[in-house]
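Data from protein.cif: mmCIF, C-alpha atoms
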data_coords
#
loop_
_atom_site.label_atom_id
_atom_site.label_comp_id
_atom_site.auth_asym_id
_atom_site.auth_seq_id
_atom_site.Cartn_x
_atom_site.Cartn_y
_atom_site.Cartn_z
CA MET Q 1 -37.19 19.85 -16.23
CA MET Q 2 -34.84 17.70 -14.15
CA SER Q 3 -36.23 16.27 -10.88
CA SER Q 4 -34.29 16.51 -7.61
CA TYR Q 5 -33.53 12.76 -7.85
CA GLU Q 6 -32.06 13.17 -11.30
CA ARG Q 7 -29.90 16.02 -10.05
CA SER Q 8 -28.76 13.95 -7.05
CA VAL Q 9 -27.91 10.95 -9.22
CA ARG Q 10 -25.98 13.10 -11.67
CA ARG Q 11 -24.11 14.78 -8.82
CA ALA Q 12 -23.28 11.33 -7.42
CA ALA Q 13 -22.12 10.20 -10.86
CA VAL Q 14 -19.85 13.25 -11.16
CA PHE Q 15 -18.23 12.42 -7.78
CA VAL Q 16 -17.74 8.77 -8.74
CA LEU Q 17 -16.44 9.78 -12.16
CA THR Q 18 -13.93 12.22 -10.63
CA GLY Q 19 -12.63 9.63 -8.14
CA LEU Q 20 -12.33 6.88 -10.73
CA ALA Q 21 -10.69 9.20 -13.26
CA ILE Q 22 -8.10 10.21 -10.66
CA GLN Q 23 -7.47 6.54 -9.85
CA LEU Q 24 -7.15 5.70 -13.56
CA GLY Q 25 -4.71 8.54 -14.15
CA MET Q 26 -2.60 7.51 -11.17
CA GLN Q 27 -2.54 3.84 -12.23
CA LEU Q 28 -1.04 4.90 -15.56
CA TYR Q 29 1.84 6.67 -13.80
CA TRP Q 30 2.86 4.52 -10.86
CA SER Q 31 5.11 6.04 -8.16
CA PRO Q 32 5.11 6.42 -4.36
CA LEU Q 33 3.43 9.81 -4.74
CA THR Q 34 0.59 8.47 -6.89
CA VAL Q 35 -0.15 5.71 -4.35
CA VAL Q 36 -0.69 8.41 -1.74
CA LEU Q 37 -2.71 10.56 -4.14
CA VAL Q 38 -5.00 7.62 -4.98
CA ALA Q 39 -5.70 7.13 -1.27
CA VAL Q 40 -6.18 10.84 -0.55
CA LEU Q 41 -7.81 12.17 -3.74
CA GLY Q 42 -9.12 9.10 -5.59
CA VAL Q 43 -10.95 7.13 -2.93
CA PRO Q 44 -12.99 9.81 -1.04
CA PRO Q 45 -14.94 11.13 -4.10
CA VAL Q 46 -15.97 7.57 -5.00
CA LEU Q 47 -17.23 6.93 -1.47
CA ILE Q 48 -19.08 10.28 -1.42
CA GLY Q 49 -20.63 9.53 -4.83
CA VAL Q 50 -21.76 6.06 -3.76
CA GLY Q 51 -23.29 7.54 -0.60
CA LEU Q 52 -25.12 10.24 -2.57
CA CYS Q 53 -26.42 7.71 -5.08
CA LEU Q 54 -27.72 5.35 -2.40
CA ALA Q 55 -29.31 8.27 -0.54
CA ALA Q 56 -31.06 9.46 -3.74
CA VAL Q 57 -32.41 6.00 -4.56
CA LEU Q 58 -33.56 5.41 -0.97
CA ARG Q 59 -35.25 8.83 -0.88
CA TYR Q 60 -37.01 8.02 -4.14
CA LEU Q 61 -38.20 4.64 -2.92
CA LYS Q 62 -39.34 6.04 0.44
CA GLU Q 63 -41.33 8.78 -1.23
CA ARG Q 64 -43.06 6.21 -3.42
CA LYS Q 65 -43.63 4.05 -0.31
CA ALA Q 66 -41.74 1.26 -2.02
CA LEU Q 67 -39.61 0.49 1.01
CA MET V 1 -2.90 -7.41 -12.37
CA ARG V 2 -2.43 -3.66 -12.81
CA GLU V 3 -3.28 -3.91 -16.54
CA LEU V 4 -6.58 -5.59 -15.68
CA LEU V 5 -7.29 -2.93 -13.07
CA ILE V 6 -6.65 -0.17 -15.64
CA ILE V 7 -9.12 -1.78 -18.08
CA LEU V 8 -11.77 -2.16 -15.33
CA LEU V 9 -11.19 1.43 -14.25
CA ALA V 10 -11.67 2.64 -17.82
CA VAL V 11 -14.95 0.69 -18.07
CA ALA V 12 -16.14 2.12 -14.75
CA VAL V 13 -15.18 5.66 -15.80
CA ALA V 14 -17.17 5.23 -19.04
CA ALA V 15 -20.18 3.92 -17.10
CA ALA V 16 -20.05 6.77 -14.59
CA ALA V 17 -19.66 9.30 -17.43
CA ALA V 18 -22.70 7.86 -19.24
CA ILE V 19 -24.76 8.05 -16.05
CA ALA V 20 -23.55 11.60 -15.35
CA THR V 21 -24.66 12.78 -18.78
CA HIS V 22 -27.78 10.71 -19.50
CA GLY V 23 -28.63 8.69 -16.44
CA GLY V 24 -30.57 11.13 -14.28
CA GLY V 25 -33.93 9.48 -14.96
CA LEU V 26 -32.79 5.96 -14.12
CA THR V 27 -34.39 6.07 -10.66
CA ALA V 28 -37.84 5.85 -12.30
CA HIS V 29 -37.53 2.22 -13.44
CA ARG V 30 -36.56 -0.94 -11.64
CA ALA V 31 -34.01 -1.82 -14.33
CA GLY V 32 -32.67 1.73 -14.16
CA ARG V 33 -32.17 1.49 -10.42
CA LEU V 34 -30.31 -1.76 -10.99
CA VAL V 35 -28.06 0.00 -13.52
CA LEU V 36 -27.44 2.75 -10.94
CA LEU V 37 -26.68 0.19 -8.26
CA VAL V 38 -24.13 -1.57 -10.46
CA GLY V 39 -22.70 1.45 -12.29
CA LEU V 40 -22.53 3.91 -9.41
CA CYS V 41 -22.20 1.67 -6.35
CA ILE V 42 -21.04 -1.93 -6.79
CA LEU V 43 -18.56 -1.46 -9.66
CA PRO V 44 -16.84 1.67 -8.26
CA VAL V 45 -16.58 0.22 -4.75
CA LEU V 46 -15.19 -3.10 -6.02
CA ILE V 47 -12.69 -1.41 -8.32
CA THR V 48 -11.61 1.10 -5.68
CA GLY V 49 -11.17 -1.71 -3.15
CA THR V 50 -9.12 -3.69 -5.66
CA GLY V 51 -7.04 -0.61 -6.47
CA VAL V 52 -6.26 0.01 -2.80
CA THR V 53 -5.36 -3.66 -2.31
CA VAL V 54 -3.05 -3.59 -5.34
CA GLY V 55 -1.51 -0.34 -4.04
CA VAL V 56 -0.84 -1.83 -0.61
CA HIS V 57 0.66 -4.95 -2.20
CA GLU V 58 2.85 -3.01 -4.64
CA SER V 59 4.06 -0.66 -1.91
CA SER V 60 5.56 -3.70 -0.14
CA GLN V 61 7.76 -4.53 -3.14
CA THR V 62 11.51 -3.98 -3.09
CA THR V 63 11.35 -2.07 -6.39
CA PHE V 64 8.85 0.33 -4.82
CA CYS V 65 11.18 1.16 -1.90
CA MET V 66 14.10 1.53 -4.28
CA SER V 67 12.22 4.03 -6.45
CA CYS V 68 13.30 6.82 -4.06
CA HIS V 69 16.96 7.78 -4.47
CA GLU V 70 17.42 8.00 -0.67
CA MET V 71 17.10 4.20 -0.50
CA GLU V 72 19.62 3.51 -3.25
CA PRO V 73 22.65 2.94 -0.94
CA TYR V 74 20.53 0.67 1.27
CA GLY V 75 19.58 -1.33 -1.82
CA LYS V 76 23.24 -1.57 -2.77
CA SER V 77 24.08 -2.79 0.73
CA LEU V 78 22.20 -6.02 -0.10
CA PHE V 79 25.02 -6.87 -2.49
CA VAL V 80 28.05 -6.15 -0.31
CA ASP V 81 30.54 -8.93 0.32
CA GLY V 82 30.69 -9.77 4.02
CA ASN V 83 28.54 -10.66 6.98
CA SER V 84 26.14 -7.76 7.21
CA LEU V 85 22.64 -8.95 8.05
CA PRO V 86 20.68 -7.60 5.05
CA ALA V 87 23.33 -8.87 2.61
CA LEU V 88 23.32 -12.35 4.19
CA HIS V 89 19.55 -12.53 4.13
CA TYR V 90 19.36 -11.34 0.55
CA GLN V 91 22.26 -13.25 -0.96
CA ARG V 92 21.39 -16.54 0.76
CA ARG V 93 17.73 -16.10 -0.19
CA LEU V 94 16.63 -16.29 3.46
CA ILE V 95 13.82 -13.88 2.61
CA ASP V 96 11.73 -13.23 -0.47
CA ARG V 97 13.78 -10.91 -2.67
CA ASP V 98 10.65 -9.21 -4.01
CA THR V 99 9.73 -7.91 -0.55
CA VAL V 100 13.14 -7.75 1.06
CA CYS V 101 12.76 -4.31 2.73
CA PHE V 102 9.25 -4.91 3.97
CA SER V 103 10.13 -8.34 5.41
CA CYS V 104 12.43 -6.82 8.02
CA HIS V 105 11.02 -3.29 8.31
CA THR V 106 7.52 -4.21 9.42
CA ASP V 107 6.39 -5.26 12.87
CA TYR V 108 4.87 -8.71 13.04
CA ALA V 109 2.05 -7.55 15.26
CA MET V 110 -1.67 -6.95 14.74
CA PHE V 111 -1.24 -3.45 13.31
CA GLY V 112 2.34 -3.90 12.12
CA ASP V 113 1.50 -3.61 8.42
CA ALA V 114 -0.76 -0.59 8.99
CA LYS V 115 1.98 1.11 11.03
CA ALA V 116 4.54 0.42 8.30
CA LYS V 117 2.21 1.90 5.67
CA LEU V 118 1.57 5.01 7.79
CA ASN V 119 5.30 5.45 8.24
CA GLY V 120 5.57 5.02 4.46
CA LEU V 121 3.21 8.00 4.01
CA ARG V 122 5.59 9.99 6.17
CA HIS V 123 8.53 8.88 4.03
CA VAL V 124 6.75 10.00 0.85
CA TRP V 125 6.02 13.38 2.46
CA VAL V 126 9.64 13.80 3.58
CA HIS V 127 10.91 12.74 0.12
CA TYR V 128 8.75 15.16 -1.86
CA THR V 129 9.20 18.09 0.51
CA GLY V 130 12.97 17.64 0.52
CA GLN V 131 13.20 17.15 4.29
CA THR V 132 15.16 13.92 4.17
CA PRO V 133 17.57 13.81 7.16
CA LYS V 134 21.25 13.43 6.35
CA LYS V 135 21.49 10.27 8.42
CA ILE V 136 18.47 8.00 8.11
CA LYS V 137 17.60 6.29 11.39
CA LEU V 138 14.92 3.89 12.61
CA TYR V 139 12.03 5.38 14.59
CA GLN V 140 12.75 3.01 17.45
CA PRO V 141 15.42 0.44 18.37
CA TYR V 142 15.05 -2.60 16.14
CA PRO V 143 12.75 -5.02 17.99
CA ASN V 144 13.96 -8.58 18.58
CA HIS V 145 10.55 -10.07 17.84
CA ASN V 146 10.98 -9.10 14.17
CA CYS V 147 14.03 -11.38 14.02
CA LEU V 148 12.42 -14.07 16.17
CA HIS V 149 9.36 -14.14 13.93
CA CYS V 150 11.47 -16.24 11.54
CA HIS V 151 14.45 -17.39 13.64
CA ASP V 152 12.78 -18.35 16.91
CA ASP V 153 12.58 -22.09 16.29
CA ALA V 154 15.02 -22.25 13.38
CA ARG V 155 17.74 -24.87 13.83
CA GLY V 156 20.50 -22.43 12.89
CA PHE V 157 19.37 -20.15 15.71
CA VAL V 158 18.48 -22.72 18.36
CA GLU V 159 21.78 -24.63 18.07
CA VAL V 160 23.99 -21.62 18.79
CA PRO V 161 25.13 -21.93 22.46
CA MET V 162 25.03 -18.17 23.02
CA HIS V 163 21.38 -18.08 21.93
CA GLN V 164 20.56 -20.85 24.41
CA GLU V 165 22.34 -19.02 27.23
CA LYS V 166 20.63 -15.72 26.52
CA LYS V 167 17.28 -17.16 25.50
CA ALA V 168 15.23 -15.28 28.12
CA GLU V 169 17.00 -11.95 27.57
CA ILE V 170 16.56 -12.23 23.82
CA ALA V 171 12.88 -13.10 24.19
CA ASN V 172 12.11 -10.17 26.49
CA GLY V 173 14.25 -7.74 24.52
CA LYS V 174 16.84 -7.06 27.25
CA GLN V 175 19.54 -8.36 24.94
CA SER V 176 19.17 -6.89 21.47
CA CYS V 177 19.94 -9.16 18.52
CA LEU V 178 21.85 -6.23 17.04
CA GLY V 179 24.02 -6.10 20.18
CA CYS V 180 26.01 -9.02 18.75
CA HIS V 181 24.98 -8.92 15.07
CA SER V 182 25.99 -5.30 14.90
CA VAL V 183 26.75 -4.86 11.20
CA VAL V 184 23.40 -4.14 9.63
CA HIS V 185 23.46 -2.10 6.41
CA ASP V 186 27.22 -1.97 5.73
CA MET V 187 27.47 1.51 4.24
CA ASP V 188 31.29 1.56 4.48
CA ALA V 189 31.44 -1.45 2.16
CA VAL V 190 28.96 0.27 -0.18
CA LYS V 191 31.17 3.37 -0.27
CA ALA V 192 34.25 1.20 -0.88
CA GLY V 193 32.43 -0.66 -3.67
CA ASN V 194 33.09 -4.00 -1.99
CA PHE V 195 30.33 -6.06 -3.63
CA TRP V 196 29.69 -9.76 -4.08
CA VAL V 197 29.64 -10.65 -7.75
CA GLY V 198 27.52 -13.71 -8.43
CA GLU V 199 28.46 -16.07 -11.23
#

Whole structure given in structure tokens:
Amino acid sequence: MMSSYERSVRRAAVFVLTGLAIQLGMQLYWSPLTVVLVAVLGVPPVLIGVGLCLAAVLRYLKERKAL
Amino acid sequence: MRELLIILLAVAVAAAAAIATHGGGLTAHRAGRLVLLVGLCILPVLITGTGVTVGVHESSQTTFCMSCHEMEPYGKSLFVDGNSLPALHYQRRLIDRDTVCFSCHTDYAMFGDAKAKLNGLRHVWVHYTGQTPKKIKLYQPYPNHNCLHCHDDARGFVEVPMHQEKKAEIANGKQSCLGCHSVVHDMDAVKAGNFWVGE
């Protein structure tokens, strides 16, 4: 059974993966439109994923009184 | 630079995919948390930051501006034979040819670059939605301080008697540089095919 931390980390990884995959795809086809799409669609999921990951790790450490 | 970024992005995508499929339990170990920190935080943020920086840099390149067909005649106007300002600057190598559009069409102020990039977003929107106006105009009268950023203390500028006479008016913008140097992008010469042919 997956713990809530594991779920959070996986969710964060999916966000980061989506953002990076969009950025990778856009880098392969470079045009004015893709520059805008990287900024609008590629960057936010990465930032959300990073935030979720940090929150999950901090929650885990706090619960274990390791902070 | 872009090739390196693509390789790093591919590595980061693989790392994120591995964590998404197998990495749920990594929070339980110190080493696992370190892997999470690098794979899901440091690496993606660094690569995304690099990607945005590369994007901003590339969007200042002449080739980038010329990739939209609306800019084609303006690009051609750099090669016309005559005294139009962009052609003189380009042909005499007064500005870096790689960033020739951006050099003149950005404000040299604190948020000048940011403003130019935001306007660029608008241009992309207008281009892809087919709302390009028939006659392309500047958003505001061309500011003198963009010219003075380079010419202010240049000998060629300072030694012209008219510039000395009108120094105050030019500095405070009451006398526009384009009032006298009125031929900017010479579209008539472009239409006539009157181009300078270098040897």

### Task
Could you state which residues are captured by the PyMOL selection byres ((chain V) within 8 of (chain Q)) in this file, as a PyMOL selection string?
chain V and resi 2+6+9-10+12-13+16-17+19-21+23-27+33+36-37+40-41+44-45+48+51-52+55+59+64+67+121+124

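Put simply, the PyMOL selection byres ((chain V and resi 74) around 10) in this file takes in V:Cys65, V:Met66, V:His69, V:Glu70, V:Met71, V:Glu72, V:Pro73, V:Gly75, V:Lys76, V:Ser77, V:Leu78, V:Phe79, V:Pro86, V:Cys101, V:His185, V:Asp186, V:Met187, V:Val190.
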
### Message
Please report the interatomic distance between CA of Leu8 (chain V) and CA of Leu46 (chain V) in Å with one decimal.
### Response
10.0 Å

### Message
Applying the PyMOL selection byres ((chain V and resi 94) around 12) to the file I just gave you, which residues come out? Please list them as an MDAnalysis selection string.
### Response
chainID V and resid 85:93 95:100 103:104 147 150:151 154 156

Go ahead and save the picked residues with C-alpha atoms, as a PDB file, in the coordinates of the input.
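Full text of selection.pdb as output:
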ATOM      1  CA  LEU V  85      22.640  -8.950   8.050  1.00  0.00           C
ATOM      2  CA  PRO V  86      20.680  -7.600   5.050  1.00  0.00           C
ATOM      3  CA  ALA V  87      23.330  -8.870   2.610  1.00  0.00           C
ATOM      4  CA  LEU V  88      23.320 -12.350   4.190  1.00  0.00           C
ATOM      5  CA  HIS V  89      19.550 -12.530   4.130  1.00  0.00           C
ATOM      6  CA  TYR V  90      19.360 -11.340   0.550  1.00  0.00           C
ATOM      7  CA  GLN V  91      22.260 -13.250  -0.960  1.00  0.00           C
ATOM      8  CA  ARG V  92      21.390 -16.540   0.760  1.00  0.00           C
ATOM      9  CA  ARG V  93      17.730 -16.100  -0.190  1.00  0.00           C
ATOM     10  CA  ILE V  95      13.820 -13.880   2.610  1.00  0.00           C
ATOM     11  CA  ASP V  96      11.730 -13.230  -0.470  1.00  0.00           C
ATOM     12  CA  ARG V  97      13.780 -10.910  -2.670  1.00  0.00           C
ATOM     13  CA  ASP V  98      10.650  -9.210  -4.010  1.00  0.00           C
ATOM     14  CA  THR V  99       9.730  -7.910  -0.550  1.00  0.00           C
ATOM     15  CA  VAL V 100      13.140  -7.750   1.060  1.00  0.00           C
ATOM     16  CA  SER V 103      10.130  -8.340   5.410  1.00  0.00           C
ATOM     17  CA  CYS V 104      12.430  -6.820   8.020  1.00  0.00           C
ATOM     18  CA  CYS V 147      14.030 -11.380  14.020  1.00  0.00           C
ATOM     19  CA  CYS V 150      11.470 -16.240  11.540  1.00  0.00           C
ATOM     20  CA  HIS V 151      14.450 -17.390  13.640  1.00  0.00           C
ATOM     21  CA  ALA V 154      15.020 -22.250  13.380  1.00  0.00           C
ATOM     22  CA  GLY V 156      20.500 -22.430  12.890  1.00  0.00           C
TER      23      GLY V 156
END

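In this model, the gap between CA of Glu159 (chain V) and CA of His145 (chain V) comes to 18.4 Å.
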
#### Entry: Gap from CA of Arg30 (chain V) to CA of Thr50 (chain V) - Å, one decimal
28.2 Å

### Message
Which residues are close to Ala168 (chain V), i.e. within 12 Å by only C-alpha atoms, leaving aside same-chain residues fewer than 6 positions away? Reply as JSON, numbers by chain.
### Response
{"V": [144, 152, 162, 174, 175, 176]}

### Task
For the point (22.2, -5.8, 19.5) in the file's frame, write as a PyMOL selection string all residues with an atom no more than 12 Å away, counting only C-alpha atoms.
chain V and resi 85+141-144+147+169-170+173-184

### Message
Could you check the closest approach to Asn119 (chain V) for each of V:Met1, V:Cys68, V:Ala18, V:Leu138 and tell me which residue wins, using all atoms listed in the file?
### Response
V:Leu138

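Counting all atoms listed in the file, the residue from V:Asp188, V:Gln164, V:Asn172, V:Val158 that sits nearest to Ser84 (chain V) is V:Asp188.
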